[in-house]
Structures are given as structure tokens and as C-alpha cells.
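Source file: protein-v1.txt; contents: compact mmCIF, C-alpha atoms and all ligand atoms.
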# COMPACT_ATOMS: atom_id res chain seq x y z
CA MET A 1 11.25 -7.76 -0.87
CA VAL A 2 8.04 -7.25 1.05
CA LEU A 3 4.62 -6.71 -0.52
CA THR A 4 2.20 -5.12 1.92
CA GLY A 5 -1.50 -4.31 1.85
CA ALA A 6 -4.13 -2.77 4.08
CA GLY A 7 -3.83 -5.55 6.67
CA ILE A 8 -0.41 -4.38 7.89
CA SER A 9 -1.92 -1.03 8.90
CA ALA A 10 -5.09 -2.50 10.43
CA GLU A 11 -3.53 -2.69 13.90
CA SER A 12 -2.58 0.99 13.57
CA GLY A 13 -6.29 1.81 13.30
CA ILE A 14 -6.67 2.14 9.52
CA LYS A 15 -9.54 0.04 8.17
CA THR A 16 -8.93 -2.57 5.46
CA PHE A 17 -11.02 -2.43 2.27
CA ARG A 18 -12.83 -5.71 1.87
CA ASP A 19 -14.32 -6.42 5.25
CA SER A 20 -16.92 -3.66 5.40
CA GLY A 21 -19.56 -4.73 2.90
CA GLY A 22 -17.74 -3.31 -0.12
CA LEU A 23 -17.73 0.20 1.33
CA TRP A 24 -14.62 2.27 2.02
CA GLU A 25 -15.28 4.28 5.19
CA ASN A 26 -19.01 4.33 4.28
CA HIS A 27 -18.49 5.33 0.64
CA ARG A 28 -18.89 3.31 -2.51
CA VAL A 29 -15.40 2.77 -3.92
CA GLU A 30 -16.50 3.98 -7.37
CA ASP A 31 -17.62 7.31 -5.88
CA VAL A 32 -14.33 8.15 -4.20
CA ALA A 33 -11.67 6.14 -6.04
CA SER A 34 -12.34 6.38 -9.76
CA PRO A 35 -11.96 9.01 -12.50
CA GLU A 36 -15.78 8.93 -12.91
CA GLY A 37 -16.25 9.73 -9.22
CA TRP A 38 -13.86 12.68 -9.58
CA HIS A 39 -15.69 13.88 -12.67
CA ASN A 40 -19.08 13.63 -10.94
CA ASP A 41 -18.29 15.27 -7.59
CA ARG A 42 -14.86 16.76 -6.96
CA ALA A 43 -15.84 18.26 -3.61
CA LEU A 44 -16.92 14.85 -2.28
CA VAL A 45 -13.67 13.20 -3.44
CA LEU A 46 -11.46 15.98 -2.05
CA ASN A 47 -13.30 15.89 1.26
CA PHE A 48 -13.00 12.10 1.46
CA TYR A 49 -9.20 12.23 1.10
CA ASN A 50 -8.99 15.22 3.47
CA GLU A 51 -10.66 12.99 6.09
CA ARG A 52 -8.33 10.05 5.32
CA ARG A 53 -5.31 12.37 5.65
CA LYS A 54 -6.48 13.65 9.04
CA GLN A 55 -7.06 10.09 10.23
CA LEU A 56 -3.60 9.02 9.05
CA LEU A 57 -1.87 11.84 10.90
CA GLU A 58 -3.40 10.51 14.13
CA CYS A 59 -2.16 6.92 13.52
CA LYS A 60 1.22 5.43 14.37
CA PRO A 61 3.24 2.58 12.87
CA ASN A 62 2.78 -0.75 14.66
CA ARG A 63 5.16 -3.58 15.59
CA ALA A 64 4.95 -5.05 12.07
CA HIS A 65 6.10 -1.81 10.40
CA TYR A 66 8.97 -1.50 12.90
CA ALA A 67 10.03 -5.14 12.50
CA LEU A 68 10.28 -4.72 8.72
CA ALA A 69 12.48 -1.65 9.25
CA GLU A 70 14.74 -3.77 11.53
CA LEU A 71 15.23 -6.25 8.68
CA GLN A 72 17.38 -3.58 7.02
CA THR A 73 20.14 -4.28 9.56
CA LYS A 74 20.88 -7.52 7.72
CA PHE A 75 19.11 -7.38 4.33
CA ASP A 76 18.71 -5.01 1.40
CA VAL A 77 14.96 -4.57 1.82
CA THR A 78 12.52 -3.02 -0.62
CA ILE A 79 8.93 -2.60 0.50
CA ILE A 80 6.36 -2.56 -2.26
CA THR A 81 3.13 -1.36 -0.69
CA GLN A 82 -0.41 -1.01 -1.95
CA ASN A 83 -1.05 1.28 1.00
CA VAL A 84 -1.32 5.02 0.60
CA ASP A 85 -0.28 5.68 4.22
CA ASP A 86 3.28 6.62 5.26
CA LEU A 87 3.61 4.19 8.19
CA HIS A 88 6.50 2.22 6.64
CA GLU A 89 8.50 5.43 6.21
CA ARG A 90 7.68 6.61 9.74
CA ALA A 91 8.84 3.24 11.11
CA GLY A 92 12.21 3.73 9.38
CA SER A 93 12.03 1.72 6.15
CA SER A 94 14.16 3.52 3.60
CA LYS A 95 13.14 1.91 0.29
CA VAL A 96 9.36 2.09 -0.04
CA LEU A 97 7.61 1.94 -3.37
CA HIS A 98 3.96 3.01 -3.31
CA LEU A 99 2.05 1.19 -6.05
CA HIS A 100 -1.25 2.99 -5.43
CA GLY A 101 0.02 6.47 -4.60
CA GLU A 102 0.37 8.45 -1.38
CA LEU A 103 -2.17 10.17 0.81
CA LEU A 104 0.28 12.87 1.90
CA LYS A 105 0.81 14.06 -1.67
CA MET A 106 -1.37 15.88 -4.19
CA ARG A 107 -0.78 16.37 -7.86
CA SER A 108 -1.81 18.48 -10.80
CA SER A 109 -4.78 17.16 -12.75
CA VAL A 110 -3.14 18.12 -16.06
CA ASP A 111 0.47 17.04 -15.45
CA GLU A 112 1.07 13.87 -13.40
CA HIS A 113 4.70 14.90 -12.81
CA LEU A 114 3.70 17.95 -10.76
CA VAL A 115 3.45 16.33 -7.33
CA TYR A 116 3.34 18.23 -4.01
CA ASP A 117 3.71 17.22 -0.35
CA CYS A 118 0.48 17.87 1.48
CA GLN A 119 -0.50 17.53 5.14
CA HIS A 120 -3.53 19.83 5.08
CA ASP A 121 -7.01 20.01 3.56
CA ILE A 122 -7.33 20.61 -0.17
CA LEU A 123 -10.51 22.20 -1.50
CA GLU A 124 -12.04 22.95 -4.88
CA GLY A 125 -10.14 25.93 -6.24
CA ASP A 126 -6.72 24.85 -4.86
CA LYS A 127 -4.55 24.76 -7.95
CA CYS A 128 -1.18 23.50 -9.19
CA GLU A 129 1.41 25.91 -10.63
CA ARG A 130 -0.12 25.41 -14.08
CA GLY A 131 -3.51 26.54 -12.83
CA SER A 132 -5.35 23.22 -12.74
CA GLN A 133 -7.22 21.75 -9.80
CA LEU A 134 -5.09 19.66 -7.42
CA ARG A 135 -6.19 16.04 -7.11
CA PRO A 136 -5.15 13.27 -4.71
CA HIS A 137 -1.91 11.49 -5.67
CA ILE A 138 -3.77 8.17 -5.64
CA VAL A 139 -4.08 5.51 -8.31
CA TRP A 140 -7.82 5.14 -8.82
CA PHE A 141 -9.62 2.15 -10.25
CA GLY A 142 -9.31 2.19 -14.02
CA GLU A 143 -6.02 4.14 -13.95
CA ALA A 144 -2.58 2.84 -14.91
CA VAL A 145 -0.15 1.68 -12.19
CA PRO A 146 3.14 3.19 -13.43
CA MET A 147 5.15 1.98 -10.42
CA MET A 148 4.72 -1.61 -11.64
CA ASP A 149 7.65 -0.98 -13.99
CA GLU A 150 9.90 -0.39 -10.96
CA ALA A 151 8.31 -3.14 -8.88
CA ILE A 152 8.66 -6.07 -11.30
CA PRO A 153 12.52 -6.05 -11.53
CA VAL A 154 12.74 -5.84 -7.71
CA VAL A 155 10.54 -8.93 -7.38
CA ARG A 156 12.52 -10.81 -10.05
CA GLN A 157 15.77 -10.22 -8.14
CA ALA A 158 14.46 -10.99 -4.66
CA ASP A 159 15.92 -13.91 -2.68
CA ILE A 160 13.16 -13.62 -0.10
CA PHE A 161 9.60 -12.51 -0.87
CA ILE A 162 7.24 -11.70 2.00
CA VAL A 163 3.57 -10.82 1.55
CA VAL A 164 1.70 -9.21 4.46
CA GLY A 165 -1.96 -8.25 4.86
CA THR A 166 -3.30 -8.20 1.33
CA SER A 167 -6.24 -10.12 -0.09
CA LEU A 168 -4.33 -10.36 -3.41
CA VAL A 169 -7.43 -9.61 -5.45
CA VAL A 170 -6.50 -6.24 -6.96
CA TYR A 171 -4.40 -6.43 -10.12
CA PRO A 172 -1.79 -5.71 -11.32
CA ALA A 173 -0.35 -5.65 -7.75
CA ALA A 174 -1.62 -9.16 -6.96
CA GLY A 175 0.22 -10.52 -10.01
CA LEU A 176 3.64 -9.60 -8.54
CA VAL A 177 3.86 -13.03 -6.85
CA ASN A 178 4.12 -14.54 -10.33
CA TYR A 179 7.44 -12.77 -11.00
CA THR A 180 9.27 -14.61 -8.20
CA ASN A 181 11.76 -17.36 -9.02
CA TYR A 182 11.21 -21.00 -8.19
CA GLU A 183 13.93 -20.98 -5.51
CA THR A 184 12.88 -17.66 -3.91
CA GLN A 185 11.83 -18.15 -0.26
CA LYS A 186 8.20 -17.04 -0.11
CA TRP A 187 6.15 -16.21 2.96
CA LEU A 188 2.58 -15.03 3.28
CA ILE A 189 1.32 -13.57 6.56
CA ASP A 190 -2.42 -13.06 7.00
CA PRO A 191 -4.89 -13.90 9.80
CA SER A 192 -7.68 -15.00 7.42
CA ASP A 193 -8.17 -18.35 5.69
CA MET A 194 -7.57 -16.81 2.29
CA PRO A 195 -7.01 -18.88 -0.87
CA LEU A 196 -3.23 -19.12 -1.27
CA PRO A 197 -1.58 -18.12 -4.55
CA ARG A 198 -0.31 -21.11 -6.48
CA VAL A 199 3.43 -20.48 -6.40
CA PRO A 200 6.10 -22.98 -5.38
CA ASN A 201 7.82 -22.84 -1.97
CA LEU A 202 5.19 -20.64 -0.33
CA LYS A 203 4.92 -20.83 3.46
CA PHE A 204 1.81 -19.47 5.16
CA ILE A 205 1.95 -17.81 8.59
CA ASN A 206 -1.71 -17.61 9.63
CA GLU A 207 -1.31 -14.70 12.08
CA LYS A 208 -2.05 -11.02 12.24
CA ALA A 209 0.77 -8.76 11.12
CA THR A 210 2.15 -7.71 14.52
CA VAL A 211 2.61 -11.35 15.54
CA GLY A 212 3.52 -12.96 12.19
CA VAL A 213 5.95 -10.30 10.96
CA ASP A 214 7.70 -10.09 14.32
CA TYR A 215 8.12 -13.88 14.35
CA LEU A 216 9.45 -14.08 10.79
CA VAL A 217 11.79 -11.11 11.13
CA ASN A 218 13.30 -12.60 14.30
CA GLN A 219 13.83 -15.86 12.49
CA LEU A 220 15.45 -14.19 9.45
CA LEU A 221 17.69 -11.99 11.61
CA THR A 222 18.98 -14.85 13.74
CA GLU A 223 19.50 -17.59 11.15
CA GLU A 224 23.01 -18.00 9.71
P1 LIG A 301 -7.94 -5.80 1.45
O1 LIG A 301 -8.87 -5.10 2.38
O2 LIG A 301 -8.47 -6.37 0.19
O3 LIG A 301 -7.25 -7.01 2.23
C1 LIG A 301 -6.75 -6.85 3.52
C2 LIG A 301 -6.10 -8.14 3.96
O4 LIG A 301 -5.55 -7.90 5.23
C3 LIG A 301 -7.07 -9.34 4.08
O5 LIG A 301 -6.46 -10.48 3.50
C4 LIG A 301 -7.20 -9.49 5.60
O6 LIG A 301 -7.39 -10.85 5.99
C5 LIG A 301 -5.84 -8.99 6.07
N1 LIG A 301 -5.80 -8.50 7.46
C6 LIG A 301 -6.79 -8.01 8.25
N2 LIG A 301 -6.31 -7.68 9.45
C7 LIG A 301 -4.99 -7.98 9.45
C8 LIG A 301 -3.94 -7.87 10.41
N3 LIG A 301 -4.13 -7.40 11.64
N4 LIG A 301 -2.70 -8.29 10.04
C9 LIG A 301 -2.47 -8.77 8.79
N5 LIG A 301 -3.41 -8.89 7.85
C10 LIG A 301 -4.66 -8.50 8.18
O7 LIG A 301 -6.72 -4.79 1.18
P2 LIG A 301 -5.62 -4.81 0.03
O8 LIG A 301 -5.30 -6.20 -0.39
O9 LIG A 301 -4.50 -3.94 0.49
O10 LIG A 301 -6.51 0.17 -3.85
O11 LIG A 301 -6.40 -4.07 -1.13
C11 LIG A 301 -5.73 -3.83 -2.32
C12 LIG A 301 -6.17 -2.52 -2.92
O12 LIG A 301 -7.59 -2.49 -3.06
C13 LIG A 301 -5.87 -1.31 -2.07
O13 LIG A 301 -4.57 -0.83 -2.26
C14 LIG A 301 -6.88 -0.32 -2.54
C15 LIG A 301 -8.07 -1.21 -2.61
O14 LIG A 301 -9.10 -0.79 -3.37
C16 LIG A 301 -6.62 1.47 -4.14
O15 LIG A 301 -6.99 2.31 -3.34
C17 LIG A 301 -6.22 1.79 -5.53

The structure in this file should be written as C-alpha cells.
Amino acid sequence: MVLTGAGISAESGIKTFRDSGGLWENHRVEDVASPEGWHNDRALVLNFYNERRKQLLECKPNRAHYALAELQTKFDVTIITQNVDDLHERAGSSKVLHLHGELLKMRSSVDEHLVYDCQHDILEGDKCERGSQLRPHIVWFGEAVPMMDEAIPVVRQADIFIVVGTSLVVYPAAGLVNYTNYETQKWLIDPSDMPLPRVPNLKFINEKATVGVDYLVNQLLTEE
């Protein structure tokens, strides 16, 4: 089981969240990633995600995404990602659970089960089949994280738990480390000197994703 965050996509050209003075691509997070922001200015929010979608379609998976896909040749791998990009899927990972939603999907603002694939711009006035405005299929701050119900059992059953490129400050995702078992092999890959979660048997690889993931995957694929 692999938990990924913004850091794994940094080397594909997608900015992380917490290294730019609290701003997300020059916007206050509350303005573009909260129900209040949506209520206050739909056009701004829609435009923000239109820009993110365009940017994503110009990016490619990097060595770390591909290495995790290669792990599937030997292991039953589930990726639990906080990222809204599709770079794990494009690299070939087949079981990817998106905790915070997906940029290439939109959904109805009255029925969360009406979800649509979307690779183009969405504007005010673009509606779902029930006639309500389409909104980004993103979990905003203050909203529930329904995929946690699927994620927790996967973590509980994991023999190996790898964390890549997340500051582990946003809950409930950050709390997933606490569902691992004592004997689970645990690895954390991050280039910063972050405070490490207090869980037993955690090994820290202090490298950026392309280097650290490649190293660990090679080790896991070659050991008996
Ligand atoms: P953060 O921006 O908080 O953390 C990114 C992490 O990636 C940091 O620990 C960096 O040190 C690390 N990093 C930077 N470059 C890296 C590289 N080349 N290789 C590996 N790691 C690198 O991002 P997240 O932890 O993903 O939520 O943020 C969690 C959530 O907060 C996001 O999903 C998003 C955000 O608000 C929503 O949008 C709902």
C-alpha cells in the first residue's frame, strides 16, 4: 500500500501546496478549495480548476509513478493518493484510490453520485442531467472524505506501507499511518527534514521521489 501526496508529482511540474507561502497557484486555499469559496464566487473556482486541468494535461508521470506501477509485477499494490492528478493511472497503476477527488471529473452539485469525465473547461451554466451546476469532483476543506472508508481496511491489511511526498498535516488522510500494524514494514520517502510520524518500524529515505522510490522499488523487487 502506497500513500502519496503532492511531492510525488512535483518532478512532473505540478506544484506542492505548502511551500508557496500558503497560496495555491497564487490563490488563497479558502477561496478556491472550500464550500464558502464556491458559494462566494463560482466563476473564480471553476476557472481555477479549468487552469489546473489544462496544466495537468501538459504534464507526464515521472520515474516515481512508473516505479510504483512496476511494483505490481510482484505485489498486490493499492495506491491511496491525496493527489487529484491522474499521473498514477497514466503510469500504469491499476488500483488507485483518490482520497481528495479527481481533477478530470466533474459532478452534480445536488447529487454527489452523478460524476462525469471531463477534459475540457467548465463554465457557469454547464449543468448536470438534473439541471444543477457542475462542480469540480474535489474534496474541499470542510467536506467529508468518503473514500476513507475504503482506504482504512486496505491500510490495516497491508504488509508493506510506503509514504511518498506528503507533509502529513491534512487529516483524515494523515491519520492513515495509525492504522498500520506493528509488524508492517513502513517506509517514508521525502526530501525535507519533516517531523516523522511516531509509528514503530518506520524507515526514512530522505530523497526526492524519483530517486527514493526507484531505490526502494528495486530493493523490494529483487529481495527474496
Ligand atoms: P504538501 O504540499 O503539504 O506536502 C508536499 C510534501 O512533498 C512535502 O513534505 C515536501 O517536502 C515533499 N516534496 C517536495 N518535493 C518532493 C519531491 N520531489 N519528491 C518527494 N517529495 C517531495 O502536500 P500534501 O501533503 O499532498 O488537499 O497535501 C495534502 C493535501 O493538502 C492535498 O491533497 C490538498 C492540500 O490542501 C486538497 O486539495 C483537499

- Measuring atom to atom with all atoms listed in the file, identify which of A:Leu221, A:Ile162, A:Met1, A:Leu168 is nearest to Leu202 (chain A).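 The closest residue to Leu202 (chain A) is A:Ile162.
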
- Message: So that I can see what lies close to region 146-159 of chain A, please list as JSON, numbers by chain the residues with an atom at most 9 Å from it, counting all atoms listed in the file and leaving out residues fewer than 2 positions away in the same chain.
- Response: {"A": [1, 2, 78, 80, 97, 98, 99, 100, 101, 144, 161, 172, 173, 176, 177, 179, 180, 181, 183, 184, 185, 186]}

- From the list A:Lys105, A:His65, A:Lys74, A:Arg28, the nearest residue to Ala10 (chain A) using only C-alpha atoms is A:His65

- Check every protein, DNA and RNA residue against ligand LIG 301 (chain A), keep those with an atom at most 7 Å away (counting only C-alpha atoms and all ligand atoms), and present them as a PyMOL selection string. chain A and resi 4-8+10-11+16-19+33+82-83+100+138-141+164-170+189-192+194+207-210

- Separation of CA of Tyr49 (chain A) from CA of Gln119 (chain A), in Å and rounded to one decimal: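 Going from CA of Tyr49 (chain A) over to CA of Gln119 (chain A), I get 11.0 Å.
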
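What separates CA of Gly13 (chain A) from CA of Lys60 (chain A) is a distance of 8.4 Å.
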
- A:Gly175, A:Pro136, A:Pro61, A:Gly212 ranked by distance to Leu123 (chain A), top pick (using all atoms listed in the file): A:Pro136

- Between CA of Lys127 (chain A) and CA of Met106 (chain A), what is the distance, to one decimal in Å?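 Result for CA of Lys127 (chain A) versus CA of Met106 (chain A): 10.2 Å, one decimal.
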
Considering all atoms listed in the file, return as a short mmCIF file (atom, residue, chain, number, x, y, z; two decimals) with C-alpha atoms, in the frame of the given file whatever protein or nucleic-acid residues lie within 10 Å of Phe48 (chain A), sequence-local ones (same chain, fewer than 2 positions apart) excluded.
data_model
loop_
_atom_site.label_atom_id
_atom_site.label_comp_id
_atom_site.auth_asym_id
_atom_site.auth_seq_id
_atom_site.Cartn_x
_atom_site.Cartn_y
_atom_site.Cartn_z
CA TRP A 24 -14.62 2.27 2.02
CA GLU A 25 -15.28 4.28 5.19
CA HIS A 27 -18.49 5.33 0.64
CA ASP A 31 -17.62 7.31 -5.88
CA VAL A 32 -14.33 8.15 -4.20
CA ALA A 33 -11.67 6.14 -6.04
CA ARG A 42 -14.86 16.76 -6.96
CA ALA A 43 -15.84 18.26 -3.61
CA LEU A 44 -16.92 14.85 -2.28
CA VAL A 45 -13.67 13.20 -3.44
CA LEU A 46 -11.46 15.98 -2.05
CA ASN A 50 -8.99 15.22 3.47
CA GLU A 51 -10.66 12.99 6.09
CA ARG A 52 -8.33 10.05 5.32
CA ARG A 53 -5.31 12.37 5.65
#

- Please determine the residues with any atom at most 7 Å from (-1.4, 21.6, -9.9) (coordinates as given in the file, with all atoms listed in the file counting) and report them as a VMD selection string. chain A and resid 107 to 109 114 127 to 134

- Query: Pick the closest to Leu57 (chain A) from A:Ser93, A:Asn201, A:Ser12, A:Asn206: which is it, counting all atoms listed in the file?
  - Reply: A:Ser12

Find the axis-aligned box for region 38-51 of chain A, covering all its listed atoms and adding 4 Å on each side, and write its centre and edge lengths in Å to one decimal as JSON.
{"center_x": -14.0, "center_y": 15.2, "center_z": -3.3, "size_x": 18.1, "size_y": 14.2, "size_z": 26.8}

- Residue contacts of Gly142 (chain A) (10 Å, all atoms listed in the file) excluding same-chain residues fewer than 3 positions away, as a PyMOL selection string: chain A and resi 30+33-36+139+145

Same residues, C-alpha atoms, output as a tab-separated table (two decimals), in the frame of the given file:
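That gives us selection.tsv:
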chain	number	residue	atom	x	y	z
A	30	GLU	CA	-16.50	3.98	-7.37
A	33	ALA	CA	-11.67	6.14	-6.04
A	34	SER	CA	-12.34	6.38	-9.76
A	35	PRO	CA	-11.96	9.01	-12.50
A	36	GLU	CA	-15.78	8.93	-12.91
A	139	VAL	CA	-4.08	5.51	-8.31
A	145	VAL	CA	-0.15	1.68	-12.19

- Query: Given the choices A:Thr81, A:Asn178, A:Thr73, A:Asn62, which gets closest to Val213 (chain A) if the distance is worked out from only C-alpha atoms?
  - Reply: A:Asn62

- Which residue out of A:Glu89, A:Asn47, A:Phe204, A:Gln55 has the minimum interatomic distance to Leu216 (chain A) when all atoms listed in the file are used?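 When distances to Leu216 (chain A) are compared using all atoms listed in the file, the smallest one comes from A:Phe204.
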
Write region 177-188 of chain A as an mmCIF file, in the frame of the given file, completed to all heavy atoms.
data_model
loop_
_atom_site.group_PDB
_atom_site.id
_atom_site.type_symbol
_atom_site.label_atom_id
_atom_site.label_comp_id
_atom_site.auth_asym_id
_atom_site.auth_seq_id
_atom_site.Cartn_x
_atom_site.Cartn_y
_atom_site.Cartn_z
ATOM 1 N N VAL A 177 3.374 -11.727 -7.337
ATOM 2 C CA VAL A 177 3.860 -13.030 -6.850
ATOM 3 C C VAL A 177 4.336 -13.901 -8.013
ATOM 4 O O VAL A 177 5.217 -14.753 -7.845
ATOM 5 C CB VAL A 177 2.797 -13.825 -6.061
ATOM 6 C CG1 VAL A 177 2.538 -13.228 -4.698
ATOM 7 C CG2 VAL A 177 1.506 -13.969 -6.828
ATOM 8 N N ASN A 178 3.766 -13.685 -9.179
ATOM 9 C CA ASN A 178 4.120 -14.540 -10.330
ATOM 10 C C ASN A 178 5.483 -14.200 -10.942
ATOM 11 O O ASN A 178 5.950 -14.895 -11.828
ATOM 12 C CB ASN A 178 3.036 -14.442 -11.407
ATOM 13 C CG ASN A 178 1.703 -14.886 -10.868
ATOM 14 O OD1 ASN A 178 1.623 -15.892 -10.157
ATOM 15 N ND2 ASN A 178 0.651 -14.130 -11.140
ATOM 16 N N TYR A 179 6.114 -13.131 -10.487
ATOM 17 C CA TYR A 179 7.440 -12.770 -11.000
ATOM 18 C C TYR A 179 8.570 -13.314 -10.126
ATOM 19 O O TYR A 179 9.741 -13.073 -10.390
ATOM 20 C CB TYR A 179 7.580 -11.245 -11.124
ATOM 21 C CG TYR A 179 6.706 -10.668 -12.204
ATOM 22 C CD1 TYR A 179 5.428 -10.210 -11.917
ATOM 23 C CD2 TYR A 179 7.144 -10.610 -13.530
ATOM 24 C CE1 TYR A 179 4.606 -9.686 -12.907
ATOM 25 C CE2 TYR A 179 6.332 -10.095 -14.525
ATOM 26 C CZ TYR A 179 5.066 -9.636 -14.204
ATOM 27 O OH TYR A 179 4.263 -9.122 -15.195
ATOM 28 N N THR A 180 8.226 -14.039 -9.064
ATOM 29 C CA THR A 180 9.270 -14.610 -8.200
ATOM 30 C C THR A 180 9.891 -15.814 -8.891
ATOM 31 O O THR A 180 9.283 -16.419 -9.779
ATOM 32 C CB THR A 180 8.674 -15.067 -6.855
ATOM 33 O OG1 THR A 180 7.560 -15.922 -7.117
ATOM 34 C CG2 THR A 180 8.227 -13.895 -6.011
ATOM 35 N N ASN A 181 11.097 -16.166 -8.466
ATOM 36 C CA ASN A 181 11.760 -17.360 -9.020
ATOM 37 C C ASN A 181 11.340 -18.595 -8.233
ATOM 38 O O ASN A 181 10.863 -18.484 -7.096
ATOM 39 C CB ASN A 181 13.280 -17.196 -8.933
ATOM 40 C CG ASN A 181 13.729 -16.037 -9.782
ATOM 41 O OD1 ASN A 181 13.413 -15.959 -10.958
ATOM 42 N ND2 ASN A 181 14.430 -15.097 -9.173
ATOM 43 N N TYR A 182 11.576 -19.746 -8.839
ATOM 44 C CA TYR A 182 11.210 -21.000 -8.190
ATOM 45 C C TYR A 182 11.862 -21.104 -6.811
ATOM 46 O O TYR A 182 11.244 -21.451 -5.820
ATOM 47 C CB TYR A 182 11.650 -22.183 -9.078
ATOM 48 C CG TYR A 182 11.291 -23.516 -8.485
ATOM 49 C CD1 TYR A 182 10.035 -24.071 -8.692
ATOM 50 C CD2 TYR A 182 12.207 -24.211 -7.684
ATOM 51 C CE1 TYR A 182 9.690 -25.281 -8.126
ATOM 52 C CE2 TYR A 182 11.870 -25.418 -7.109
ATOM 53 C CZ TYR A 182 10.612 -25.947 -7.340
ATOM 54 O OH TYR A 182 10.276 -27.138 -6.766
ATOM 55 N N GLU A 183 13.179 -20.758 -6.753
ATOM 56 C CA GLU A 183 13.930 -20.980 -5.510
ATOM 57 C C GLU A 183 13.765 -19.844 -4.484
ATOM 58 O O GLU A 183 14.231 -19.945 -3.355
ATOM 59 C CB GLU A 183 15.414 -21.246 -5.790
ATOM 60 C CG GLU A 183 16.142 -20.173 -6.554
ATOM 61 C CD GLU A 183 15.867 -20.204 -8.060
ATOM 62 O OE1 GLU A 183 15.110 -21.054 -8.560
ATOM 63 O OE2 GLU A 183 16.430 -19.332 -8.734
ATOM 64 N N THR A 184 13.104 -18.763 -4.862
ATOM 65 C CA THR A 184 12.880 -17.660 -3.910
ATOM 66 C C THR A 184 12.114 -18.183 -2.686
ATOM 67 O O THR A 184 11.126 -18.893 -2.832
ATOM 68 C CB THR A 184 12.028 -16.554 -4.575
ATOM 69 O OG1 THR A 184 12.630 -16.196 -5.801
ATOM 70 C CG2 THR A 184 11.920 -15.332 -3.682
ATOM 71 N N GLN A 185 12.601 -17.817 -1.477
ATOM 72 C CA GLN A 185 11.830 -18.150 -0.260
ATOM 73 C C GLN A 185 10.605 -17.262 -0.240
ATOM 74 O O GLN A 185 10.731 -16.046 -0.345
ATOM 75 C CB GLN A 185 12.619 -17.760 0.983
ATOM 76 C CG GLN A 185 13.649 -18.700 1.474
ATOM 77 C CD GLN A 185 14.163 -18.182 2.834
ATOM 78 O OE1 GLN A 185 13.409 -17.888 3.748
ATOM 79 N NE2 GLN A 185 15.480 -18.059 2.931
ATOM 80 N N LYS A 186 9.422 -17.852 -0.076
ATOM 81 C CA LYS A 186 8.200 -17.040 -0.110
ATOM 82 C C LYS A 186 7.374 -17.259 1.153
ATOM 83 O O LYS A 186 7.158 -18.389 1.566
ATOM 84 C CB LYS A 186 7.346 -17.403 -1.329
ATOM 85 C CG LYS A 186 8.076 -17.203 -2.634
ATOM 86 C CD LYS A 186 7.328 -17.791 -3.796
ATOM 87 C CE LYS A 186 8.237 -18.006 -4.988
ATOM 88 N NZ LYS A 186 9.001 -19.227 -4.963
ATOM 89 N N TRP A 187 6.947 -16.162 1.731
ATOM 90 C CA TRP A 187 6.150 -16.210 2.960
ATOM 91 C C TRP A 187 4.912 -15.362 2.772
ATOM 92 O O TRP A 187 4.981 -14.281 2.178
ATOM 93 C CB TRP A 187 6.942 -15.618 4.130
ATOM 94 C CG TRP A 187 8.245 -16.276 4.393
ATOM 95 C CD1 TRP A 187 9.448 -15.975 3.818
ATOM 96 C CD2 TRP A 187 8.487 -17.353 5.294
ATOM 97 N NE1 TRP A 187 10.431 -16.789 4.314
ATOM 98 C CE2 TRP A 187 9.871 -17.651 5.237
ATOM 99 C CE3 TRP A 187 7.683 -18.088 6.171
ATOM 100 C CZ2 TRP A 187 10.471 -18.632 6.000
ATOM 101 C CZ3 TRP A 187 8.272 -19.078 6.938
ATOM 102 C CH2 TRP A 187 9.644 -19.346 6.846
ATOM 103 N N LEU A 188 3.802 -15.836 3.314
ATOM 104 C CA LEU A 188 2.580 -15.030 3.280
ATOM 105 C C LEU A 188 2.034 -14.966 4.707
ATOM 106 O O LEU A 188 1.866 -15.999 5.368
ATOM 107 C CB LEU A 188 1.565 -15.686 2.336
ATOM 108 C CG LEU A 188 0.348 -14.843 1.948
ATOM 109 C CD1 LEU A 188 -0.142 -15.251 0.574
ATOM 110 C CD2 LEU A 188 -0.781 -14.993 2.931
#
